[in-house]
Structures are given as C-alpha cells and as structure tokens.
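Reviewing the structure listed below.
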Amino acid sequence: MKRITIYDVAKEADVSLATVSRVINDSSVVREDTRLRVQEVIERLGYKPNAVAQGLALSKTTTVSIVMSEKLLAYNAKILNGLMDVANIYHYNVMFHTTSKGISKMQDVIESIIKSRVDGVILFNDNFSEEEMNVLNEYKIPMVIVGGKFDGPKHDHVGNVYVDIEKIASQLVKDYFAKGIDDIAIVEDKLNLSMMKQMKKGAEEAFKEAGKEFENYLSYNDTYKTSYEYFSDYLKENKPHKLNICFRDSQAIALLNAAKENGYKVPEDLEIITILDSKYLPMMRPTITAYNIPDYDMGALAMRMLTKMLVSNDDKGVEKSIEIQASPLIRETTK
C-alpha cells in the first residue's frame, strides 16, 4: 500500500507544503477555511505526520534543492555563490542536482526531488520542460526560477529572478537600426534554448516594429561537433552578417576566430556581441563586447526569495518577480 506523504496532502488540498505543516503544528496564521480543508484531507487520506513535516513549520529541517545543467556550471558559478551564501546565512541545507544529456534525465531529478522531501527548489532556466514543470506544480513545491524570464503559468509557489533577454535583444536590434544596420543575425545556443527563444522573440518584435522581417537565426545540426567548425564552413560559402549576437563566450570566440581565418576583419566586416560576459572575452584580440550581469546578486536574491516563500503564509505578500538589470560592456568587436 502506498504510503501517504505530506506532498500528497498538499496536492489534494491544493495548498503549499508549508501550509500543511502549519496545520499539523496548529499554527495561528492559517485561515480557518484552509485549515478545515487540510484537516479533512489528512483524515480522508489517513496521513500520519512525521518529524520532517512537523519540523518544517519550526524551520528545523529546511532543505532546498538547486538544479542546473552540468555544462553550464562554469557560467553560473557566481550565481551559485550568491545562492549558497544566503542559504548558509539562514542555515538551510542544500541538495545539488546537475543534469547531463543522456546521463541525468530530468525525470530522474524530479523523482529525486519529490522522494527527498525538499522544502523548496531553485531551478536554472532551460532545465525543465513545461510538462516537467507541471509535475512539480502538482506538488505545490515552492520554487524560484533563476536566469531568464519564466513565461509559464503564474503560480503562488513559483518565483522568478531574471534578466530580460528578450528586452536586451530587442533594444540591441533597435540601436543598430538607428545606425542604419539591419543585417543582424542571432547564433543559436543549444544549451540555452529558452534563452534563445527569448532572444529571437525580441529581435523579431524589433524587426516587425520597423516593418521588416527577421530571418537570420543561425542554427547548425549535429553533423558539427562545435560552433567553430560550423562557422568555419559557413564563412567559406557566405559573407558574415554585419551584427552577430551570441549568448555565450564560446560561440563568440568561435565566430571571431573563424572570421579572421577566413580573411574577415572585426569589427570592420562584422561586429560580435555576446550576452554572457566571462574572463576570457577581454583576453581575446580584439576584445569581445558583452553585458555586465550582476550574477552574484541574482543568486542571492533568488535564495532570499525562496526563504521568504517558505516562511510566509501561503506565499502571500512575497515579491515573486525580480528583474536584474544588465549593462553593456563595450569592447573592440563593436564600433
């Protein structure tokens, strides 16, 4: 016979884990109608509270899970530092999940999250499909999505700390239109598909406003092992676009090297901009333009948001959407 858990009660009563725990611990902050609904579900399901459930409301067993792609660890190191520092300040235990294509499937991670009875989850954008998010939503697990803007359904138990990539791409395109340049391309990053969706949408909207159509979305298939190989071949057959927008440093560096090897000059023949800055971009010649994103602050704010969601009454009154501002770092790959 399946053992009934606090997750089952929360799902059936359509409340958060914290609310179930408060009812179990006879907290006075729960509304009476909510209390009665949860108690009815507890009795109907035959749920027996354990020490974990009882400790949740007393903040004695608070554990949060951080989920991100293994391949993006280097890019998210500062965000992780911010997350971990705030978790330590509030004495939260942290479970860390990494995913790798073909090794750690998201279904396995979801199962691990549910079985481990974590109290909250920090998700890096691009880790979960909409279907997988729906599974977590059914359990009412408080979660904060960090990185890009979350476009999914709005829930009281879902927060978002983000950089508006769509807005950045749109404004960038408009700035180049003002310079008389409309030969603009976006380079696909297969590790950050939701970010790419936002970048493409921002560019398309800017083109549409100008009465034009965005067509230069550069995507390569699995016959190429690296973006460098793709650009090397591409530039043998095609002239480079005047502005090339990348997401990560590896793509920008690959394009820069391939362009120079094919006889093109940067920024005279083509300009290159990447969204995520890294320590390698100022080392390149020419140095590569990027955006300054306060990564540490993003991580710290995400974890603080989650801690507030875990201790508040049904997550009410907690700001669950915080936009982080990014500023351009103009270097030598742009005029």
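So you can find residues: chains in the structure tokens are A, B, ... in the order shown, residues in each start at 1, and ligands are numbered from 1 in order.
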I need the strand (DSSP E) residues of region 49-247 of chain A per DSSP on the backbone, written as a VMD selection string.
chain A and resid 63 to 69 93 to 99 120 to 124 143 to 148 158 to 163 184 to 187 217 to 218 243 to 246
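Taking only region 263-320 of chain A, the residues that DSSP calls helix (DSSP H, G or I) from the backbone come to Leu281, Pro282, Met283, Asp295, Tyr296, Asp297, Met298, Gly299, Ala300, Leu301, Ala302, Met303, Arg304, Met305, Leu306, Thr307, Lys308, Met309, Leu310 and Val311 of chain A.
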Output all heavy atoms for every residue in that selection, as a short mmCIF file (atom, residue, chain, number, x, y, z; two decimals), in the first residue's frame.
data_model
loop_
_atom_site.label_atom_id
_atom_site.label_comp_id
_atom_site.auth_asym_id
_atom_site.auth_seq_id
_atom_site.Cartn_x
_atom_site.Cartn_y
_atom_site.Cartn_z
N LEU A 281 36.74 36.87 -22.49
CA LEU A 281 36.41 37.84 -23.54
C LEU A 281 37.38 39.02 -23.60
O LEU A 281 37.75 39.44 -24.71
CB LEU A 281 34.97 38.32 -23.37
CG LEU A 281 33.89 37.22 -23.43
CD1 LEU A 281 32.50 37.82 -23.33
CD2 LEU A 281 34.02 36.42 -24.72
N PRO A 282 37.85 39.58 -22.46
CA PRO A 282 38.85 40.65 -22.55
C PRO A 282 40.23 40.13 -22.98
O PRO A 282 41.10 40.94 -23.32
CB PRO A 282 38.90 41.20 -21.11
CG PRO A 282 37.65 40.73 -20.47
CD PRO A 282 37.35 39.41 -21.08
N MET A 283 40.44 38.80 -22.95
CA MET A 283 41.73 38.24 -23.35
C MET A 283 41.85 38.08 -24.87
O MET A 283 42.95 37.91 -25.39
CB MET A 283 41.93 36.86 -22.70
CG MET A 283 41.97 36.87 -21.19
SD MET A 283 42.20 35.18 -20.56
CE MET A 283 41.95 35.44 -18.80
N ASP A 295 25.64 38.63 -11.47
CA ASP A 295 25.29 37.22 -11.23
C ASP A 295 25.15 36.88 -9.75
O ASP A 295 24.24 36.17 -9.34
CB ASP A 295 26.34 36.30 -11.87
CG ASP A 295 26.41 36.48 -13.37
OD1 ASP A 295 25.35 36.57 -14.00
OD2 ASP A 295 27.53 36.51 -13.91
N TYR A 296 26.10 37.34 -8.94
CA TYR A 296 26.05 37.03 -7.50
C TYR A 296 24.75 37.54 -6.89
O TYR A 296 24.08 36.83 -6.13
CB TYR A 296 27.25 37.63 -6.78
CG TYR A 296 27.27 37.36 -5.29
CD1 TYR A 296 27.93 36.23 -4.80
CD2 TYR A 296 26.62 38.20 -4.40
CE1 TYR A 296 27.93 35.97 -3.43
CE2 TYR A 296 26.62 37.94 -3.03
CZ TYR A 296 27.27 36.82 -2.56
OH TYR A 296 27.26 36.56 -1.22
N ASP A 297 24.39 38.78 -7.22
CA ASP A 297 23.15 39.37 -6.69
C ASP A 297 21.94 38.55 -7.13
O ASP A 297 20.99 38.39 -6.36
CB ASP A 297 23.01 40.81 -7.17
CG ASP A 297 24.07 41.72 -6.58
OD1 ASP A 297 24.73 41.30 -5.62
OD2 ASP A 297 24.25 42.85 -7.08
N MET A 298 21.98 38.06 -8.38
CA MET A 298 20.87 37.27 -8.87
C MET A 298 20.68 36.02 -8.03
O MET A 298 19.55 35.68 -7.64
CB MET A 298 21.11 36.88 -10.34
CG MET A 298 19.95 36.14 -10.99
SD MET A 298 20.30 35.67 -12.71
CE MET A 298 20.48 37.28 -13.45
N GLY A 299 21.78 35.33 -7.73
CA GLY A 299 21.70 34.13 -6.90
C GLY A 299 21.24 34.43 -5.49
O GLY A 299 20.39 33.73 -4.92
N ALA A 300 21.79 35.50 -4.90
CA ALA A 300 21.42 35.87 -3.53
C ALA A 300 19.95 36.24 -3.44
O ALA A 300 19.24 35.84 -2.51
CB ALA A 300 22.30 37.03 -3.06
N LEU A 301 19.45 37.00 -4.41
CA LEU A 301 18.04 37.40 -4.40
C LEU A 301 17.12 36.19 -4.59
O LEU A 301 16.05 36.12 -3.99
CB LEU A 301 17.78 38.43 -5.50
CG LEU A 301 18.29 39.85 -5.23
CD1 LEU A 301 18.21 40.69 -6.49
CD2 LEU A 301 17.48 40.51 -4.12
N ALA A 302 17.54 35.25 -5.43
CA ALA A 302 16.72 34.06 -5.68
C ALA A 302 16.58 33.22 -4.41
O ALA A 302 15.47 32.78 -4.07
CB ALA A 302 17.33 33.22 -6.80
N MET A 303 17.68 33.01 -3.71
CA MET A 303 17.60 32.21 -2.48
C MET A 303 16.83 32.97 -1.39
O MET A 303 16.07 32.36 -0.65
CB MET A 303 19.00 31.86 -1.99
CG MET A 303 19.02 30.95 -0.77
SD MET A 303 18.21 29.34 -1.04
CE MET A 303 19.46 28.51 -2.04
N ARG A 304 17.01 34.28 -1.32
CA ARG A 304 16.26 35.05 -0.32
C ARG A 304 14.77 35.00 -0.62
O ARG A 304 13.94 34.89 0.29
CB ARG A 304 16.75 36.50 -0.29
CG ARG A 304 16.11 37.33 0.82
CD ARG A 304 16.49 36.82 2.18
NE ARG A 304 15.81 37.55 3.25
CZ ARG A 304 14.90 37.03 4.05
NH1 ARG A 304 14.56 35.74 3.94
NH2 ARG A 304 14.34 37.74 5.00
N MET A 305 14.41 35.09 -1.90
CA MET A 305 13.01 34.99 -2.28
C MET A 305 12.44 33.64 -1.83
O MET A 305 11.33 33.57 -1.29
CB MET A 305 12.84 35.13 -3.80
CG MET A 305 11.40 35.03 -4.28
SD MET A 305 11.26 35.02 -6.09
CE MET A 305 11.77 36.69 -6.48
N LEU A 306 13.20 32.58 -2.05
CA LEU A 306 12.71 31.25 -1.67
C LEU A 306 12.54 31.13 -0.16
O LEU A 306 11.56 30.56 0.32
CB LEU A 306 13.67 30.17 -2.17
CG LEU A 306 13.24 28.73 -1.92
CD1 LEU A 306 11.92 28.42 -2.62
CD2 LEU A 306 14.32 27.75 -2.38
N THR A 307 13.48 31.69 0.62
CA THR A 307 13.34 31.61 2.08
C THR A 307 12.09 32.34 2.55
O THR A 307 11.41 31.89 3.47
CB THR A 307 14.58 32.20 2.79
OG1 THR A 307 14.68 33.61 2.52
CG2 THR A 307 15.86 31.51 2.33
N LYS A 308 11.78 33.46 1.91
CA LYS A 308 10.56 34.20 2.28
C LYS A 308 9.32 33.40 1.92
O LYS A 308 8.34 33.39 2.68
CB LYS A 308 10.53 35.56 1.57
CG LYS A 308 11.56 36.55 2.08
CD LYS A 308 11.46 37.87 1.33
CE LYS A 308 12.47 38.88 1.84
NZ LYS A 308 12.38 40.16 1.11
N MET A 309 9.35 32.73 0.78
CA MET A 309 8.21 31.91 0.37
C MET A 309 7.99 30.75 1.33
O MET A 309 6.85 30.36 1.61
CB MET A 309 8.42 31.38 -1.05
CG MET A 309 8.36 32.46 -2.13
SD MET A 309 8.96 31.91 -3.75
CE MET A 309 7.74 30.65 -4.16
N LEU A 310 9.06 30.22 1.89
CA LEU A 310 8.95 29.07 2.78
C LEU A 310 8.39 29.43 4.15
O LEU A 310 7.80 28.59 4.82
CB LEU A 310 10.32 28.40 2.95
CG LEU A 310 10.86 27.67 1.72
CD1 LEU A 310 12.28 27.17 1.97
CD2 LEU A 310 9.96 26.51 1.33
N VAL A 311 8.58 30.68 4.57
CA VAL A 311 8.13 31.05 5.92
C VAL A 311 6.88 31.92 5.90
O VAL A 311 6.28 32.17 6.94
CB VAL A 311 9.24 31.80 6.70
CG1 VAL A 311 10.47 30.92 6.84
CG2 VAL A 311 9.60 33.12 6.02
#
Grab the CA of Asn244 (chain A) to CA of Asp222 (chain A) distance for me, in Å with one decimal place.
21.3 Å
May I have the residues within 9 Å of Gln171 (chain A) as a PyMOL selection string, using only C-alpha atoms and disregarding those fewer than 4 positions away in the same chain?
chain A and resi 166-167+175-176+202-203+206
Counting only C-alpha atoms, the option among A:Val29, A:Met68, A:Leu193, A:Val94 closest to Phe124 (chain A):
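Between A:Val29, A:Met68, A:Leu193, A:Val94, the residue approaching Phe124 (chain A) most closely is A:Met68.
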